[in-house]
Amino acid sequence: MTGPVTLWIVVAILALATVMFVVRRVSTPRPLPVMDERVAGLTAAGFLPLVDCPRGRDACLHCLLVDHCVVHRLLELGLTPGTRVRVVQDAGGPMLLSVRGSRVALGRDLAARVWVELPDRESGKVSCG
Amino acid sequence: MTPHLLSTESNVLSVALAGNPNAGKSTLFNALTGARQHVGNWPGKTVEQKTGEFARHGRRIAITDLPGTYSLSAYTMEELVSRDYLLDSRPDAIIAVADATNLERNLYLIVQLLELELPTVVALNMMDVAAKQGLQIDIPELSCSLNVPVIPSIARQERGIDEIVAAVSHASTLPTSACSLDYGEAIERAIASLLVIINDYIAIREYYAPRWLAVRLLEGDVDVAARLSGLPGGSELLPAAGKRRAELAAALGEDIDLFIADRRYTWIHNLAGRVVRAGSAHTMSNSDRIDHVMTDRRLGIPIFMLAMWLVFKITTDLSAPWVDWIDGVLSGPISRWIMTVLDAIGLGETWVASLLIDGVIAGVGGVLVFVPVLMALYFALAVLEDSGYMARGAFVMDRLMNRIGLHGRSFLPLMVGFGCSVPAIYATRTLTNERDRIMTGLLVPFMSCGARLPVYVLFAAIFFPRYASVVIMGLYLLGVIIAIGVGLLLQHSLLPAAAAPGLVMELPPYRLPTARGIGVQMWIRTRAFLQHAASLILVTTIAIWFLTAIPAGAHGTFANVAMADSVFGRASNAMASVLEPLGFGTWESGGALISGLVAKEVVVSTLAQTYGTSGAIDEARSDTFLQDLGEIVTSFLGAILDTLKAIPGLIGINLSVGDDEAVPGLADAIRASFTESSGGHAAAAGLAFMVFVLLYTPCMATIAAMRHELGTRWMWLSFVGQLAIAWLAAFFVFRLGVWVGGL
């Protein structure tokens with residue numbers, strides 16, 4: 001049976017394209033938008049992103065380098081600059097934080113853009129809410 | 001008493017229930033209304049709306065449960081819905097539920113509610129948990145600072161309910177005065193200047209609380225701006241607000257709305273400092289200890305998989321005896337009684353009998369068999385949700401699901417979809433934003449549901465007897481792969497991921513679910529299904545009956561016609577030419593696929609009918625009414641017994657494929673027919689048929705659920721899109737089979 005050969009070819013190309021598209025999407029992680037300047041400035045000033053924050057230590061929230069609309073969601077949950085936060089769980093995926101007495105999960109991409117300050121161990125000079 | 005007071009007392013008091021998610025809002029709602037509640041959607045939205053009415057102290061109260069939100073800005077659908085309701089429907093009073101263990105975060109919403117200047121009562125909930133944590137809350141001071149009544153309550157134990165109702169009835173008769181949250185000098189000056197303009201226009205001043213409006217305008221709320229643009233005074237107010245915003249932005253050096261949010265939290269933080277006496281903020285609670293295991297890097301995912309597997313088993317195994325029971329009662333005693341009655345009035349053996357038995361009763365059965373399945377699902381979901389585990393599942397699955405542009409929360413509906421698509425579509429309600437709900441709902445039908453399994457079993461046994469299990473597993477896998485592909489396509493076309501910025505979610509503390517909470521959820525949600533999906537399923541079944549009853553040609557009369565000669569048969573014939581390139585272009589398989597639109601369960605039985613191999617229906621029994629009744633009761637008890645027996649089976653693995661009714665001759669008939677239609681490549685055609693059944697348009701019940709949950713537009717997309725995907729995939733499989741495999 002010969003069948004509609006052209007149609008078959010079109011379908012094969014479509015299917016191949018879909019498969020390649022899927023494979024590429026799944027194998028490459030989403031890149032973070034570049035915010036080098038601010039990041040470099042913050043790093044130099046001794047701040048660190050939440051993803052690098054050690055588990056179980058209080059830190060002071062410094063700033064949120066995320067979209068305006070996401071900032072609002074974080075603010076609603078009590079993540080305002082100057083708030084005391086603590087990483088409760090970091091299992092490689094999202095981070096679990098303790099903020100103002102509640103537990104908040106933050107996707108890893110987001111946690112990489114939330115900057116905190118760790119208090120100095122000796123002087124404990126960071127004072128936050 | 002003033003006449004005003006008398007008139008409101010005779011009326012129904014409308015009350016809105018607002019609060020953070022997990023603050024105990026639903027528990028309070030259930031305690032107030034019991035099962036007298038109505039669940040629907042907010043008009044035009046996919047956000048769930050719950051309303052209820054009750055009477056207490058001689059007062060009739062109509063209560064609307066607003067979606068749980070963390071603020072009243074308009075960034076999410078839930079917030080917008082809540083705000084529109086409060087602004088436009090103007091309830092007589094608001095009950096603002098606050099979690100006493102987490103006062104700061106809860107007050108953030110409450111101070112915004114208070115700015116609306118509607119009579120408000122704060123229900124300070126979970127006082128027992130707060131006491132256990134050693135928190136002491138100075139309620140008079142809190143009430144004084146907020147300038148509204150604050151009532152301590154424990155909704156789970158139904159304590160404080162009467163006091164809340166009394167306070168609400170009382171508050172709704174008093175004039176309101178907003179609490180005075182000081183936004184700082186610069187903002188306050190801008191507010192004052194806007195208030196001057198607002199007070200000039202009655203239309204604006206009467207409709208919106210002036211101070212709230214001024215604050216929202218300074219925050220740059222586009223929704224509020226749109227509301228004002230049509231009103232007189234809007235043309236003066238909006239430019240003035242724009243100017244103030246520009247001035248403030250220059251003076252403050254940061255976004256005004258962020259500054260305002262910060263001021264709110266500062267004010268609240270100070271208030272909480274005065275009112276709450278507590279130990280340290282970051283203590284390790286029992287909940288944290290459980291989380292330590294549940295969200296562990298290695299254990300998290302296996303524990304979640306186990307939980308999902310239990311949900312899946314509960315929805316299928318625990319409900320199965322009841323599905324059989326309903327099926328047995330309807331097709332047995334009930335059908336027999338109807339026949340007896342019809343015989344008595346002389347209508348037996350006529351088309352009326354056929355319509356009632358094969359159309360109406362079959363349709364009712366098609367609806368009712370979902371009831372036990374849904375009850376079981378809602379039971380499992382309610383336990384997961386009320387205990388707080390649901391949020392943990394989303395947490396551990398987030399990383400994997402992110403890859404296809406979904407959040408961890410979407411995993412559960414997809415998993416349930418392997419049992420049945422209908423409850424899976426309803427399970428998308430647990431997702432918190434509309435985009436994720438639609439995306440997940442569209443992907444659910446690609447998870448091969450239990451009803452499709454008999455088709456695979458039959459065809460795999462016919463065409464791939466040696467590799468049957470491999471083929472069946474491959475089909476399940478194919479569904480998942482296609483779902484991933486479709487998910488990625490949607491993410492880059494209709495449902496961009498920009499709307500899903502990443503996981504931001506509160507994990508509520510673990511709590512023991514209450515029997516009442518679970519019972520109410522099961523009942524209310526199942527009832528909602530019956531109300532919304534039932535009519536569509538029933539109508540479709542009856543429509544199909546009519547199509548098989550109406551003769552298309554000269555042969556036969558109404559309701560007395562061979563299937564091939566009915567309108568249904570002719571329509572199937574038309575289908576056949578479309579299916580021709582797939583290798584199974586026969587009217588028999590076309591007909592089976594059409595009836596599969598009603599329910600996938602009937603694909604095999606329709607094949608048996610169209611190939612004319614179905615056995616004789618046993619009608620020879622002549623039981624008495626009492627015997628029938630006895631049979632119903634015995635089988636009911638049997639179902640209870642089977643359910644109990646199924647409980648230990650939840651833990652063990654039991655992969656029985658169900659009772660395969662041997663249909664004599666059907667296998668041979670299918671093989672012969674497929675060999676002919678595919679030009680000698682029967683196996684390739686058989687595989688293509690299975691792929692088609694896996695992927696094509698879901699059953700009517702799922703379509704009805706989709707219309708209910710996602711809206712008509714997305715329902716049609718799913719309907720048409722899946723047909724196209726199924727056709728292409730089956731075509732590809734058939735051609736590949738013919739070309740490569742030489743099958």
# chains A, B, ... in the order shown; residues from 1 in each chain; ligands from 1
>>> select_by_dssp(residues="region 283-532 of chain B", states="helix (DSSP H, G or I)", output="ChimeraX atom specification")
/B:286-294,300-318,320-344,351-368,370-387,389-402,408-416,421-430,434-446,450-463,468-491,497-499,515-532
>>> interface_residues(of="chain B", to="chain A", cutoff="9 Å", atoms="only C-alpha atoms", output="MDAnalysis selection string")
chainID B and resid 69:71 73 75 101:105 108:109 257:258 261:262 265 269 281:283 288 291:292 295:298 300 395:400 403:404 484:485 488:489 501:509 581 678:680 728:729 731:732 735 738
>>> write_last_selection(atoms="C-alpha atoms", output="PDB file, in the first residue's frame")
ATOM      1  CA  THR B  69      -5.675  35.827  49.814  1.00  0.00           C
ATOM      2  CA  TYR B  70      -2.707  37.531  51.413  1.00  0.00           C
ATOM      3  CA  SER B  71      -3.633  41.025  50.342  1.00  0.00           C
ATOM      4  CA  SER B  73      -4.157  44.391  45.709  1.00  0.00           C
ATOM      5  CA  TYR B  75      -2.293  40.995  41.317  1.00  0.00           C
ATOM      6  CA  THR B 101      -0.260  32.032  65.619  1.00  0.00           C
ATOM      7  CA  ASN B 102       0.796  34.212  62.726  1.00  0.00           C
ATOM      8  CA  LEU B 103      -0.655  37.574  63.524  1.00  0.00           C
ATOM      9  CA  GLU B 104       1.716  39.836  61.578  1.00  0.00           C
ATOM     10  CA  ARG B 105       1.158  38.231  58.216  1.00  0.00           C
ATOM     11  CA  TYR B 108      -1.412  42.718  56.487  1.00  0.00           C
ATOM     12  CA  LEU B 109      -4.661  41.685  54.800  1.00  0.00           C
ATOM     13  CA  ASP B 257       3.664  50.704  46.249  1.00  0.00           C
ATOM     14  CA  LEU B 258       6.649  48.919  47.772  1.00  0.00           C
ATOM     15  CA  ALA B 261       3.678  47.927  51.703  1.00  0.00           C
ATOM     16  CA  ASP B 262       6.744  48.440  53.834  1.00  0.00           C
ATOM     17  CA  TYR B 265       4.359  46.026  57.698  1.00  0.00           C
ATOM     18  CA  HIS B 269       5.200  44.940  63.348  1.00  0.00           C
ATOM     19  CA  ALA B 281      10.164  33.658  66.472  1.00  0.00           C
ATOM     20  CA  HIS B 282      12.190  30.831  65.000  1.00  0.00           C
ATOM     21  CA  THR B 283      11.575  27.883  67.257  1.00  0.00           C
ATOM     22  CA  ASP B 288       9.272  21.501  61.357  1.00  0.00           C
ATOM     23  CA  ASP B 291       8.976  18.548  57.507  1.00  0.00           C
ATOM     24  CA  HIS B 292      12.554  17.616  58.098  1.00  0.00           C
ATOM     25  CA  THR B 295      10.765  17.431  52.421  1.00  0.00           C
ATOM     26  CA  ASP B 296      14.119  15.691  52.705  1.00  0.00           C
ATOM     27  CA  ARG B 297      16.377  15.689  49.670  1.00  0.00           C
ATOM     28  CA  ARG B 298      16.281  11.913  49.292  1.00  0.00           C
ATOM     29  CA  GLY B 300      10.841  13.632  49.906  1.00  0.00           C
ATOM     30  CA  PHE B 395       7.303  21.515  47.367  1.00  0.00           C
ATOM     31  CA  VAL B 396       9.141  18.276  46.612  1.00  0.00           C
ATOM     32  CA  MET B 397       7.809  17.917  43.055  1.00  0.00           C
ATOM     33  CA  ASP B 398       8.476  21.491  42.070  1.00  0.00           C
ATOM     34  CA  ARG B 399      11.879  20.913  40.518  1.00  0.00           C
ATOM     35  CA  LEU B 400      10.705  18.141  38.192  1.00  0.00           C
ATOM     36  CA  ARG B 403      10.832  21.519  33.449  1.00  0.00           C
ATOM     37  CA  ILE B 404       7.490  21.559  31.662  1.00  0.00           C
ATOM     38  CA  ILE B 484       5.167  16.788  28.129  1.00  0.00           C
ATOM     39  CA  GLY B 485       5.337  17.849  24.481  1.00  0.00           C
ATOM     40  CA  LEU B 488       5.966  22.669  26.296  1.00  0.00           C
ATOM     41  CA  LEU B 489       4.040  23.789  23.220  1.00  0.00           C
ATOM     42  CA  PRO B 501       7.112  33.222  37.970  1.00  0.00           C
ATOM     43  CA  GLY B 502       8.120  30.317  40.170  1.00  0.00           C
ATOM     44  CA  LEU B 503       6.946  28.718  43.323  1.00  0.00           C
ATOM     45  CA  VAL B 504       5.886  31.108  46.077  1.00  0.00           C
ATOM     46  CA  MET B 505       3.767  29.257  48.570  1.00  0.00           C
ATOM     47  CA  GLU B 506       3.064  29.126  52.248  1.00  0.00           C
ATOM     48  CA  LEU B 507       3.409  25.710  53.889  1.00  0.00           C
ATOM     49  CA  PRO B 508       0.745  25.535  56.590  1.00  0.00           C
ATOM     50  CA  PRO B 509       1.593  23.672  59.795  1.00  0.00           C
ATOM     51  CA  PRO B 581      -5.226   6.390   6.348  1.00  0.00           C
ATOM     52  CA  SER B 678      -5.093  -1.999   6.524  1.00  0.00           C
ATOM     53  CA  GLY B 679      -4.135  -3.920   3.424  1.00  0.00           C
ATOM     54  CA  GLY B 680      -2.532  -6.769   5.324  1.00  0.00           C
ATOM     55  CA  LEU B 728      -1.557  12.436  13.565  1.00  0.00           C
ATOM     56  CA  ALA B 729      -0.058  10.073  16.125  1.00  0.00           C
ATOM     57  CA  PHE B 731      -1.222   7.916  11.311  1.00  0.00           C
ATOM     58  CA  PHE B 732       2.457   8.118  12.173  1.00  0.00           C
ATOM     59  CA  ARG B 735       2.842   4.226   8.597  1.00  0.00           C
ATOM     60  CA  VAL B 738       3.977  -0.632   7.827  1.00  0.00           C
TER      61      VAL B 738
END
>>> residues_around(residues="Phe312 (chain B)", least_positions_apart="2", cutoff="8 Å", atoms="only C-alpha atoms", output="list in words")
Met308, Trp309, Leu310, Ile314, Thr315, Thr316, Met415, Val416, Phe418 and Gly419 of chain B
>>> write_last_selection(atoms="C-alpha atoms", output="PDB file, in the first residue's frame")
ATOM      1  CA  MET B 308       0.097   9.704  45.391  1.00  0.00           C
ATOM      2  CA  TRP B 309      -0.077   5.980  44.897  1.00  0.00           C
ATOM      3  CA  LEU B 310      -2.359   5.705  47.937  1.00  0.00           C
ATOM      4  CA  ILE B 314      -8.215   4.813  47.119  1.00  0.00           C
ATOM      5  CA  THR B 315      -9.994   6.371  44.146  1.00  0.00           C
ATOM      6  CA  THR B 316      -9.959   3.122  42.214  1.00  0.00           C
ATOM      7  CA  MET B 415      -1.595  11.326  38.841  1.00  0.00           C
ATOM      8  CA  VAL B 416      -5.310  11.046  39.555  1.00  0.00           C
ATOM      9  CA  PHE B 418      -4.428   7.649  35.497  1.00  0.00           C
ATOM     10  CA  GLY B 419      -7.477   6.524  37.427  1.00  0.00           C
TER      11      GLY B 419
END
>>> residues_around(residues="region 517-530 of chain B", least_positions_apart="4", cutoff="7 Å", atoms="only C-alpha atoms", output="list in words")
Thr27, Ala35, Val39, Val371, Leu374, Met375, Tyr378, Phe379, Ala382, Val383 and Ala534 of chain B
>>> write_last_selection(atoms="C-alpha atoms", output="mmCIF file, in the first residue's frame")
data_model
loop_
_atom_site.group_PDB
_atom_site.id
_atom_site.type_symbol
_atom_site.label_atom_id
_atom_site.label_comp_id
_atom_site.auth_asym_id
_atom_site.auth_seq_id
_atom_site.Cartn_x
_atom_site.Cartn_y
_atom_site.Cartn_z
ATOM 1 C CA THR B 27 -13.456 25.571 58.952
ATOM 2 C CA ALA B 35 -23.818 21.428 54.784
ATOM 3 C CA VAL B 39 -20.281 25.676 45.692
ATOM 4 C CA VAL B 371 -20.249 9.248 42.382
ATOM 5 C CA LEU B 374 -15.449 11.146 43.127
ATOM 6 C CA MET B 375 -16.371 10.622 46.787
ATOM 7 C CA TYR B 378 -12.493 13.948 47.473
ATOM 8 C CA PHE B 379 -11.925 11.976 50.634
ATOM 9 C CA ALA B 382 -9.481 16.448 51.729
ATOM 10 C CA VAL B 383 -7.180 14.405 53.963
ATOM 11 C CA ALA B 534 -24.978 15.134 34.976
#
>>> residues_around(residues="Val165 (chain B)", least_positions_apart="2", cutoff="10 Å", atoms="only C-alpha atoms", output="list in words")
Val15, Leu32, Ala55, Arg56, His57, Arg59, Ile61, Ile95, Val121, Ile151, Gly160, Ile161, Asp162, Glu163, Ala167, Val168, Ser169, His170 and Ala171 of chain B
>>> atom_distance(atom1="CA of Ala225 (chain B)", atom2="CA of Ile438 (chain B)")
28.7 Å
>>> atom_distance(atom1="CA of Ala669 (chain B)", atom2="CA of Asn560 (chain B)")
24.2 Å
>>> atom_distance(atom1="CA of Val148 (chain B)", atom2="CA of Ala278 (chain B)")
23.3 Å
>>> residues_around(residues="Leu538 (chain B)", least_positions_apart="6", cutoff="12 Å", atoms="only C-alpha atoms", output="list of chain:residue names")
B:Leu356, B:Asp358, B:Gly359, B:Val360, B:Ile361, B:Ala362, B:Gly363, B:Val364, B:Gly365, B:Gly366, B:Val367, B:Leu368, B:Leu530, B:Gln531, B:His532, B:Ile544, B:Trp545, B:Val598, B:Ala599, B:Met700, B:Ala701, B:Ala704
>>> write_last_selection(atoms="N, CA and C atoms", output="mmCIF file, in the first residue's frame")
data_model
loop_
_atom_site.group_PDB
_atom_site.id
_atom_site.type_symbol
_atom_site.label_atom_id
_atom_site.label_comp_id
_atom_site.auth_asym_id
_atom_site.auth_seq_id
_atom_site.Cartn_x
_atom_site.Cartn_y
_atom_site.Cartn_z
ATOM 1 N N LEU B 356 -36.064 3.957 27.467
ATOM 2 C CA LEU B 356 -35.906 4.046 28.916
ATOM 3 C C LEU B 356 -34.703 3.239 29.406
ATOM 4 N N ASP B 358 -32.081 1.617 27.484
ATOM 5 C CA ASP B 358 -30.775 1.835 26.853
ATOM 6 C C ASP B 358 -30.378 3.304 26.799
ATOM 7 N N GLY B 359 -31.373 4.189 26.887
ATOM 8 C CA GLY B 359 -31.050 5.611 26.854
ATOM 9 C C GLY B 359 -30.990 6.206 28.236
ATOM 10 N N VAL B 360 -32.169 6.277 28.884
ATOM 11 C CA VAL B 360 -32.246 7.000 30.162
ATOM 12 C C VAL B 360 -31.484 6.273 31.276
ATOM 13 N N ILE B 361 -31.800 4.982 31.476
ATOM 14 C CA ILE B 361 -31.158 4.260 32.580
ATOM 15 C C ILE B 361 -29.652 4.167 32.355
ATOM 16 N N ALA B 362 -29.259 3.916 31.100
ATOM 17 C CA ALA B 362 -27.826 3.862 30.806
ATOM 18 C C ALA B 362 -27.184 5.209 31.097
ATOM 19 N N GLY B 363 -27.886 6.287 30.784
ATOM 20 C CA GLY B 363 -27.359 7.631 31.030
ATOM 21 C C GLY B 363 -27.245 7.918 32.513
ATOM 22 N N VAL B 364 -28.305 7.602 33.265
ATOM 23 C CA VAL B 364 -28.274 7.799 34.715
ATOM 24 C C VAL B 364 -27.126 6.990 35.310
ATOM 25 N N GLY B 365 -26.986 5.761 34.816
ATOM 26 C CA GLY B 365 -25.892 4.917 35.294
ATOM 27 C C GLY B 365 -24.545 5.550 34.996
ATOM 28 N N GLY B 366 -24.427 6.107 33.791
ATOM 29 C CA GLY B 366 -23.172 6.743 33.394
ATOM 30 C C GLY B 366 -22.800 7.889 34.318
ATOM 31 N N VAL B 367 -23.818 8.537 34.890
ATOM 32 C CA VAL B 367 -23.550 9.621 35.834
ATOM 33 C C VAL B 367 -23.240 9.055 37.221
ATOM 34 N N LEU B 368 -24.112 8.127 37.657
ATOM 35 C CA LEU B 368 -24.006 7.649 39.037
ATOM 36 C C LEU B 368 -22.726 6.866 39.316
ATOM 37 N N LEU B 530 -22.723 16.431 40.354
ATOM 38 C CA LEU B 530 -24.033 15.960 39.913
ATOM 39 C C LEU B 530 -24.815 17.098 39.264
ATOM 40 N N GLN B 531 -24.704 18.287 39.878
ATOM 41 C CA GLN B 531 -25.463 19.409 39.341
ATOM 42 C C GLN B 531 -24.956 19.856 37.974
ATOM 43 N N HIS B 532 -23.652 19.809 37.779
ATOM 44 C CA HIS B 532 -23.108 20.423 36.578
ATOM 45 C C HIS B 532 -22.852 19.458 35.437
ATOM 46 N N ILE B 544 -27.294 9.575 21.573
ATOM 47 C CA ILE B 544 -26.696 8.426 20.880
ATOM 48 C C ILE B 544 -27.750 7.337 20.689
ATOM 49 N N TRP B 545 -28.602 7.154 21.702
ATOM 50 C CA TRP B 545 -29.646 6.142 21.560
ATOM 51 C C TRP B 545 -30.530 6.469 20.360
ATOM 52 N N VAL B 598 -18.839 8.980 24.544
ATOM 53 C CA VAL B 598 -19.728 8.997 25.707
ATOM 54 C C VAL B 598 -18.975 8.471 26.920
ATOM 55 N N ALA B 599 -18.343 7.335 26.769
ATOM 56 C CA ALA B 599 -17.555 6.771 27.859
ATOM 57 C C ALA B 599 -16.609 5.762 27.241
ATOM 58 N N MET B 700 -17.406 12.189 27.385
ATOM 59 C CA MET B 700 -18.351 13.281 27.649
ATOM 60 C C MET B 700 -18.249 13.805 29.077
ATOM 61 N N ALA B 701 -18.052 12.897 30.023
ATOM 62 C CA ALA B 701 -17.999 13.309 31.422
ATOM 63 C C ALA B 701 -16.795 14.231 31.651
ATOM 64 N N ALA B 704 -17.540 17.531 30.072
ATOM 65 C CA ALA B 704 -18.434 18.304 30.943
ATOM 66 C C ALA B 704 -17.647 18.909 32.097
#
>>> residues_around(residues="Ser193 (chain B)", least_positions_apart="3", cutoff="12 Å", atoms="only C-alpha atoms", output="PyMOL selection string")
chain B and resi 186-190+196-200+210-211+214-215+218+237+240-241+243-245
>>> closest_residue(among="B:Ile164, B:Leu142, B:Ala683, B:Ile725", to="Arg671 (chain B)", atoms="only C-alpha atoms")
B:Ala683
